[in-house]
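Containing compact mmCIF, C-alpha atoms: run28.txt.
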# COMPACT_ATOMS: atom_id res chain seq x y z
CA MET A 35 -0.73 1.19 48.74
CA LEU A 36 -3.60 2.96 47.00
CA SER A 37 -1.17 4.70 44.63
CA VAL A 38 0.40 1.34 43.72
CA TYR A 39 -3.07 -0.14 43.08
CA LEU A 40 -4.05 2.80 40.87
CA GLN A 41 -0.76 2.53 38.99
CA GLY A 42 -1.50 -1.13 38.27
CA LEU A 43 -5.09 -0.31 37.29
CA ALA A 44 -4.00 2.44 34.86
CA LEU A 45 -1.24 0.34 33.29
CA GLY A 46 -3.52 -2.69 33.00
CA ALA A 47 -6.15 -0.58 31.25
CA ALA A 48 -3.57 0.88 28.87
CA LEU A 49 -2.36 -2.58 27.88
CA ILE A 50 -5.80 -4.17 27.50
CA LEU A 51 -7.77 -1.42 25.73
CA PRO A 52 -6.23 -1.67 22.21
CA LEU A 53 -8.32 -3.91 19.95
CA GLY A 54 -6.72 -7.34 19.74
CA PRO A 55 -7.79 -10.98 19.27
CA GLN A 56 -9.15 -11.30 22.81
CA ASN A 57 -11.23 -8.12 22.65
CA ALA A 58 -12.52 -8.91 19.16
CA PHE A 59 -13.62 -12.39 20.23
CA VAL A 60 -15.29 -11.20 23.44
CA MET A 61 -17.13 -8.48 21.52
CA ASN A 62 -18.29 -10.93 18.88
CA GLN A 63 -19.59 -13.43 21.46
CA GLY A 64 -21.36 -10.61 23.29
CA ILE A 65 -23.13 -9.50 20.14
CA LYS A 66 -24.23 -13.08 19.51
CA ARG A 67 -25.17 -13.46 23.21
CA HIS A 68 -23.48 -16.83 22.89
CA TYR A 69 -21.68 -17.78 26.13
CA HIS A 70 -20.42 -14.21 26.38
CA LEU A 71 -20.12 -14.21 30.18
CA MET A 72 -18.24 -17.51 30.05
CA THR A 73 -15.93 -15.99 27.45
CA ALA A 74 -15.31 -12.93 29.63
CA SER A 75 -14.67 -15.19 32.63
CA LEU A 76 -12.10 -17.29 30.74
CA CYS A 77 -10.31 -14.17 29.52
CA THR A 78 -10.23 -12.78 33.04
CA VAL A 79 -8.93 -16.02 34.61
CA SER A 80 -6.27 -16.32 31.92
CA ASP A 81 -5.21 -12.72 32.48
CA ILE A 82 -5.01 -13.28 36.24
CA ALA A 83 -2.72 -16.27 35.70
CA LEU A 84 -0.53 -14.41 33.21
CA ILE A 85 -0.34 -11.21 35.25
CA CYS A 86 0.56 -13.03 38.46
CA GLY A 87 3.04 -15.19 36.59
CA GLY A 88 4.71 -12.16 35.07
CA ILE A 89 4.86 -10.05 38.21
CA PHE A 90 5.95 -12.88 40.51
CA GLY A 91 8.80 -14.33 38.47
CA GLY A 92 7.65 -15.46 35.02
CA SER A 93 9.49 -12.70 33.16
CA ALA A 94 12.84 -14.38 33.87
CA LEU A 95 11.62 -17.63 32.27
CA LEU A 96 10.54 -15.88 29.06
CA ASN A 97 13.75 -13.86 28.81
CA GLN A 98 15.82 -17.04 29.14
CA SER A 99 13.86 -19.00 26.52
CA PRO A 100 13.76 -17.27 23.12
CA PHE A 101 12.85 -20.61 21.51
CA LEU A 102 9.66 -20.77 23.58
CA LEU A 103 8.66 -17.27 22.49
CA MET A 104 9.40 -18.18 18.85
CA LEU A 105 7.26 -21.32 19.13
CA ILE A 106 4.36 -19.33 20.58
CA THR A 107 4.76 -16.68 17.88
CA TRP A 108 4.41 -19.04 14.92
CA ALA A 109 1.61 -21.04 16.54
CA GLY A 110 -0.18 -17.74 17.09
CA VAL A 111 0.36 -16.68 13.47
CA ALA A 112 -1.17 -19.93 12.20
CA PHE A 113 -4.15 -19.71 14.53
CA LEU A 114 -4.89 -16.04 13.82
CA LEU A 115 -4.74 -16.59 10.05
CA TRP A 116 -7.14 -19.53 10.36
CA TYR A 117 -9.58 -17.69 12.63
CA GLY A 118 -9.39 -14.50 10.57
CA TRP A 119 -10.14 -16.45 7.42
CA GLY A 120 -13.29 -17.87 9.04
CA ALA A 121 -14.51 -14.38 9.99
CA LEU A 122 -13.79 -12.95 6.54
CA ARG A 123 -15.53 -15.88 4.86
CA SER A 124 -18.61 -15.33 7.05
CA ALA A 125 -18.57 -11.63 6.11
CA TRP A 126 -18.45 -12.53 2.42
CA LYS A 127 -21.32 -15.02 2.72
CA GLY A 128 -23.35 -12.75 5.01
CA ASP A 129 -23.96 -15.65 7.39
CA VAL A 130 -25.82 -14.19 10.38
CA SER A 131 -28.11 -17.10 11.20
CA LEU A 132 -28.90 -17.55 14.89
CA ALA A 133 -27.56 -20.67 16.53
CA SER A 134 -30.06 -23.28 17.67
CA ASP A 135 -30.05 -24.72 21.19
CA ALA A 136 -28.29 -27.88 19.95
CA GLU A 137 -25.61 -25.81 18.21
CA LEU A 138 -25.06 -23.78 21.37
CA LYS A 139 -24.48 -26.95 23.40
CA GLN A 140 -22.12 -28.34 20.79
CA GLY A 141 -20.28 -25.06 20.46
CA ARG A 142 -19.34 -24.55 24.12
CA TRP A 143 -16.09 -26.51 24.02
CA ARG A 144 -15.13 -25.00 20.70
CA ILE A 145 -15.56 -21.52 22.21
CA ILE A 146 -13.45 -22.52 25.22
CA ALA A 147 -10.70 -23.87 22.95
CA THR A 148 -10.83 -20.75 20.77
CA ILE A 149 -10.60 -18.24 23.62
CA LEU A 150 -7.74 -20.19 25.21
CA ALA A 151 -5.93 -20.18 21.87
CA VAL A 152 -6.63 -16.49 21.26
CA THR A 153 -5.17 -15.75 24.69
CA TRP A 154 -2.32 -18.21 25.19
CA LEU A 155 -1.08 -18.31 21.56
CA ASN A 156 -0.76 -14.53 21.36
CA PRO A 157 2.87 -13.53 22.06
CA HIS A 158 1.76 -9.94 22.75
CA VAL A 159 0.06 -11.23 25.90
CA TYR A 160 3.37 -12.55 27.21
CA LEU A 161 5.19 -9.37 26.28
CA ASP A 162 2.56 -7.29 28.11
CA THR A 163 2.32 -9.45 31.22
CA PHE A 164 5.75 -11.05 31.55
CA VAL A 165 7.97 -8.32 30.10
CA VAL A 166 6.18 -5.00 30.79
CA LEU A 167 4.26 -5.84 33.98
CA GLY A 168 6.94 -8.28 35.17
CA SER A 169 9.70 -5.71 34.79
CA LEU A 170 7.73 -2.99 36.58
CA GLY A 171 6.48 -5.32 39.29
CA SER A 172 9.97 -6.62 40.07
CA GLN A 173 11.11 -3.04 40.73
CA LEU A 174 8.57 -2.51 43.51
CA PRO A 175 10.17 -2.41 46.98
CA SER A 176 8.15 -5.14 48.73
CA GLU A 177 6.06 -8.24 48.17
CA ASP A 178 3.02 -6.40 49.52
CA ALA A 179 3.46 -3.64 46.94
CA ARG A 180 3.70 -6.24 44.16
CA ARG A 181 0.44 -7.79 45.34
CA TRP A 182 -1.36 -4.43 45.20
CA PHE A 183 0.11 -3.73 41.77
CA ALA A 184 -1.08 -7.13 40.52
CA PHE A 185 -4.52 -6.52 42.07
CA GLY A 186 -4.76 -3.23 40.15
CA THR A 187 -3.93 -4.81 36.80
CA VAL A 188 -6.29 -7.73 37.48
CA SER A 189 -9.07 -5.24 38.32
CA ALA A 190 -8.60 -3.61 34.92
CA SER A 191 -9.04 -6.98 33.20
CA ILE A 192 -12.19 -7.83 35.17
CA ILE A 193 -13.82 -4.45 34.51
CA TRP A 194 -12.88 -4.43 30.83
CA PHE A 195 -13.81 -7.97 29.77
CA PHE A 196 -17.15 -8.10 31.59
CA GLY A 197 -17.95 -4.52 30.57
CA LEU A 198 -17.20 -5.30 26.92
CA ALA A 199 -19.23 -8.53 26.94
CA LEU A 200 -22.25 -6.93 28.64
CA LEU A 201 -22.16 -3.79 26.47
CA ALA A 202 -21.96 -5.89 23.29
CA ALA A 203 -24.88 -8.04 24.49
CA TRP A 204 -26.91 -4.91 25.31
CA LEU A 205 -26.28 -3.53 21.82
CA SER A 206 -26.92 -6.91 20.23
CA PRO A 207 -30.42 -6.13 18.84
CA ARG A 208 -28.96 -3.22 16.85
CA LEU A 209 -25.91 -5.14 15.71
CA ARG A 210 -27.48 -8.38 14.49
CA THR A 211 -28.48 -7.11 11.08
CA VAL A 212 -26.80 -8.53 7.98
CA ARG A 213 -24.98 -5.25 7.34
CA ALA A 214 -23.73 -4.89 10.92
CA GLN A 215 -22.62 -8.54 11.10
CA ARG A 216 -20.68 -8.21 7.87
CA ILE A 217 -18.90 -5.12 9.18
CA ILE A 218 -18.13 -6.84 12.51
CA ASN A 219 -16.82 -9.98 10.81
CA LEU A 220 -14.69 -7.85 8.49
CA LEU A 221 -13.34 -5.99 11.52
CA VAL A 222 -12.61 -9.20 13.44
CA GLY A 223 -11.01 -10.88 10.44
CA GLY A 224 -8.98 -7.78 9.61
CA VAL A 225 -7.70 -7.48 13.19
CA MET A 226 -6.73 -11.16 13.29
CA TRP A 227 -4.84 -10.99 9.98
CA PHE A 228 -3.17 -7.67 10.81
CA ILE A 229 -1.83 -9.05 14.10
CA ALA A 230 -0.81 -12.31 12.37
CA ILE A 231 1.22 -10.33 9.81
CA GLN A 232 2.84 -8.26 12.55
CA LEU A 233 3.74 -11.38 14.49
CA ALA A 234 5.13 -13.04 11.37
CA ARG A 235 7.35 -10.02 10.72
CA GLN A 236 8.63 -10.14 14.29
CA GLY A 237 9.26 -13.87 13.98
CA ILE A 238 11.19 -13.47 10.72
CA ALA A 239 13.23 -10.59 12.15
CA ALA A 240 14.18 -12.72 15.16
CA LEU A 241 15.53 -15.58 13.02

Take the structure in the file and give it back as structure tokens.
Amino acid sequence: MLSVYLQGLALGAALILPLGPQNAFVMNQGIKRHYHLMTASLCTVSDIALICGGIFGGSALLNQSPFLLMLITWAGVAFLLWYGWGALRSAWKGDVSLASDAELKQGRWRIIATILAVTWLNPHVYLDTFVVLGSLGSQLPSEDARRWFAFGTVSASIIWFFGLALLAAWLSPRLRTVRAQRIINLLVGGVMWFIAIQLARQGIAAL
């Protein structure tokens, strides 16, 4: 089963490495050192739920409900445009002020809501986990093999999200200058808007 595990690990890494809304948000929270481990944990738990759902039967549900995918697509477009606009506005203003303790306490639930939206309102997540991983997982010969495959993809998520959060936090002193924060916010905002435009094109084409 080691080969099945490694196959899942490699495929999970290939799907998670490209810069997307999740990765951009985790990186940004790591640089701020603002609930970055909580953010990585939420991303990991969400990925575990999506991966297991896709491999153990969720792909059939998504394939049978194009309306559900369309609803997720346009909700994701709206959210990504809104979040991207906030990042671009911060880049323009050069707002790199450190959050106070009171702001950190108030911001926890907002961060939770944002990371859940970034994850669950991104149709690419469902395509990766339900369509790609679900299709490959369903072809495996036994339930045991599917479990090892899922364990491999889950391992990739755990390693990546916590590694990204901790690396960003470690580099935080070098990246919390006005210039670096502007570049990061421009990158985050650009990624969000680029993905929103891509999703909107897919949604229009599917009409």

* To do: Write out as a PyMOL selection string the residues lying within 10 Å of range 106-110 of chain A, counting all atoms listed in the file and excluding same-chain residues fewer than 4 positions away.
  => chain A and resi 100-102+114-116+151-158+160+229-230+233-234+236-238

Take the residues from that selection and write them out as an mmCIF file, in the coordinates of the input, keeping C-alpha atoms.
data_model
loop_
_atom_site.group_PDB
_atom_site.id
_atom_site.type_symbol
_atom_site.label_atom_id
_atom_site.label_comp_id
_atom_site.auth_asym_id
_atom_site.auth_seq_id
_atom_site.Cartn_x
_atom_site.Cartn_y
_atom_site.Cartn_z
ATOM 1 C CA PRO A 100 13.760 -17.270 23.120
ATOM 2 C CA PHE A 101 12.850 -20.610 21.510
ATOM 3 C CA LEU A 102 9.660 -20.770 23.580
ATOM 4 C CA LEU A 114 -4.890 -16.040 13.820
ATOM 5 C CA LEU A 115 -4.740 -16.590 10.050
ATOM 6 C CA TRP A 116 -7.140 -19.530 10.360
ATOM 7 C CA ALA A 151 -5.930 -20.180 21.870
ATOM 8 C CA VAL A 152 -6.630 -16.490 21.260
ATOM 9 C CA THR A 153 -5.170 -15.750 24.690
ATOM 10 C CA TRP A 154 -2.320 -18.210 25.190
ATOM 11 C CA LEU A 155 -1.080 -18.310 21.560
ATOM 12 C CA ASN A 156 -0.760 -14.530 21.360
ATOM 13 C CA PRO A 157 2.870 -13.530 22.060
ATOM 14 C CA HIS A 158 1.760 -9.940 22.750
ATOM 15 C CA TYR A 160 3.370 -12.550 27.210
ATOM 16 C CA ILE A 229 -1.830 -9.050 14.100
ATOM 17 C CA ALA A 230 -0.810 -12.310 12.370
ATOM 18 C CA LEU A 233 3.740 -11.380 14.490
ATOM 19 C CA ALA A 234 5.130 -13.040 11.370
ATOM 20 C CA GLN A 236 8.630 -10.140 14.290
ATOM 21 C CA GLY A 237 9.260 -13.870 13.980
ATOM 22 C CA ILE A 238 11.190 -13.470 10.720
#

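Using all atoms listed in the file, the contacts of Pro175 in chain A at a cut-off of 12 Å, with sequence neighbours closer than 6 positions omitted, comprise Met35, Val38, Arg181, Trp182 and Phe183 of chain A.
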
* Between A:Ala125, A:Leu36, A:Ile82, A:Ala147, which one has atoms that come closest to Phe113 in chain A, using all atoms listed in the file? -> A:Ala147

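You will find CA of Ile146 in chain A at 27.8 Å from CA of Gly42 in chain A.
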
* Tyr117 in chain A surroundings by all atoms listed in the file, 12 Å radius, close-in-sequence under 3 positions cut, as a VMD selection string -> chain A and resid 55 58 to 59 110 to 114 120 to 124 145 148 to 149 151 to 152 219 to 220 222 to 227 229 to 230

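Distances here use all atoms listed in the file; by that measure, the residue among A:Ala83, A:Phe90, A:Ala239, A:Asn57 closest to Leu170 in chain A is A:Phe90.
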
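Proximity of A:Ala47, A:Gly54, A:Gln41, A:Ile65 to Phe228 in chain A, computed with only C-alpha atoms, is greatest for A:Gly54.
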
* Asked: At what distance in Å, to one decimal, does CA of Arg210 in chain A lie from CA of Gly197 in chain A?
  -> 19.1 Å

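When CA of Leu43 in chain A is paired with CA of Asn62 in chain A, their separation reads 25.0 Å.
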